[in-house]
Amino acid sequence: MTKQSPSASTSRRSLLTAALAAPVAAVGVPLVTAAPAAAADPADGCQTVVDWTDIIPAAGVTPNATAPIQARVIRLAGTEFLQFRGTLTCNFTADGTLGTLPATIQPPKLTRGIVPRNNSYGINAVRVEANTARAIKVYGPQASNPVTWMQLDSFSSVMR
């Protein structure tokens, strides 16, 4: 077994330094001052189509004062996504209506996702759908296992 000399081995630090130096050498500007690629061509980056707007809650749905229920539409690589955020309290004992999307957001098709809810009997998620009439529906609650709160932050679904 022969031992390599320190100059013959390649350390992780030297590889990282070389990897970071290569783009600077290629373009002649430090990475810190270089403009992001998305700034030059916004069609390739993430764009906000409709900014965060309040969802109109249905009767019996109470948005959290510090985390209101809102919706937005973003475009990422040419695909539009409907996203929700916020927390609410409720008492769903059957499928029902959570609220209505703002007039600025009109899904062209049914879009659905899963969001966290109060953990009861090991069930900790509920299905949420937004339809073409802008209604936001909740599916899965039961009288024996009511949904008492939901967090909408994880909802992101392809809209078009």
# chains A, B, ... in the order shown; residues from 1 in each chain; ligands from 1
$ residues_around --residues "A:Phe84" --least-positions-apart "5" --cutoff "7 Å" --atoms "only C-alpha atoms" --output "ChimeraX atom specification"
/A:70-72,152-153,155-156
$ residues_around --residues "A:Ala67" --least-positions-apart "5" --cutoff "9 Å" --atoms "only C-alpha atoms" --output "list in words"
Arg85, Gly86, Thr87 and Leu88 of chain A
$ write_last_selection --atoms "N, CA and C atoms" --output "PDB file, in the first residue's frame"
ATOM      1  N   ARG A  85     -52.923  29.659   2.105  1.00  0.00           N
ATOM      2  CA  ARG A  85     -52.193  29.783   3.358  1.00  0.00           C
ATOM      3  C   ARG A  85     -53.163  30.227   4.440  1.00  0.00           C
ATOM      4  N   GLY A  86     -52.761  30.010   5.685  1.00  0.00           N
ATOM      5  CA  GLY A  86     -53.569  30.439   6.811  1.00  0.00           C
ATOM      6  C   GLY A  86     -54.077  29.274   7.646  1.00  0.00           C
ATOM      7  N   THR A  87     -54.668  29.618   8.768  1.00  0.00           N
ATOM      8  CA  THR A  87     -55.196  28.642   9.717  1.00  0.00           C
ATOM      9  C   THR A  87     -56.614  29.035  10.065  1.00  0.00           C
ATOM     10  N   LEU A  88     -57.464  28.027  10.308  1.00  0.00           N
ATOM     11  CA  LEU A  88     -58.855  28.321  10.640  1.00  0.00           C
ATOM     12  C   LEU A  88     -59.372  27.341  11.673  1.00  0.00           C
TER      13      LEU A  88
END
$ closest_residue --among "A:Val138, A:Cys90, A:Ala103, A:Ala77" --to "A:Asp54" --atoms "only C-alpha atoms"
A:Ala103
$ residues_around --residues "A:Ile56" --least-positions-apart "6" --cutoff "8 Å" --atoms "only C-alpha atoms" --output "ChimeraX atom specification"
/A:99-102
$ residues_around --residues "A:Leu110" --least-positions-apart "2" --cutoff "9 Å" --atoms "only C-alpha atoms" --output "PDB file with N, CA and C atoms, in the first residue's frame"
ATOM      1  N   PRO A 107     -60.607  29.105 -11.044  1.00  0.00           N
ATOM      2  CA  PRO A 107     -60.003  27.869 -11.566  1.00  0.00           C
ATOM      3  C   PRO A 107     -60.726  27.381 -12.823  1.00  0.00           C
ATOM      4  N   PRO A 108     -59.984  26.994 -13.869  1.00  0.00           N
ATOM      5  CA  PRO A 108     -60.604  26.486 -15.091  1.00  0.00           C
ATOM      6  C   PRO A 108     -61.041  25.022 -14.962  1.00  0.00           C
ATOM      7  N   ARG A 112     -57.360  20.013  -6.437  1.00  0.00           N
ATOM      8  CA  ARG A 112     -57.465  19.494  -5.070  1.00  0.00           C
ATOM      9  C   ARG A 112     -56.110  19.293  -4.428  1.00  0.00           C
ATOM     10  N   GLU A 129     -60.815  20.936  -1.997  1.00  0.00           N
ATOM     11  CA  GLU A 129     -60.940  21.146  -3.442  1.00  0.00           C
ATOM     12  C   GLU A 129     -61.464  22.550  -3.738  1.00  0.00           C
ATOM     13  N   ALA A 130     -60.972  23.127  -4.810  1.00  0.00           N
ATOM     14  CA  ALA A 130     -61.494  24.392  -5.325  1.00  0.00           C
ATOM     15  C   ALA A 130     -62.087  24.084  -6.691  1.00  0.00           C
ATOM     16  N   ASN A 131     -63.366  24.454  -6.888  1.00  0.00           N
ATOM     17  CA  ASN A 131     -64.021  24.118  -8.158  1.00  0.00           C
ATOM     18  C   ASN A 131     -64.151  25.338  -9.061  1.00  0.00           C
ATOM     19  N   THR A 132     -64.735  25.137 -10.236  1.00  0.00           N
ATOM     20  CA  THR A 132     -64.849  26.202 -11.234  1.00  0.00           C
ATOM     21  C   THR A 132     -65.813  27.312 -10.820  1.00  0.00           C
ATOM     22  N   MET A 159     -53.266  24.430 -11.394  1.00  0.00           N
ATOM     23  CA  MET A 159     -54.531  25.026 -11.811  1.00  0.00           C
ATOM     24  C   MET A 159     -54.678  25.001 -13.336  1.00  0.00           C
TER      25      MET A 159
END
$ closest_residue --among "A:Ser144, A:Ser157, A:Thr104, A:Thr97" --to "A:Asp51" --atoms "only C-alpha atoms"
A:Thr104
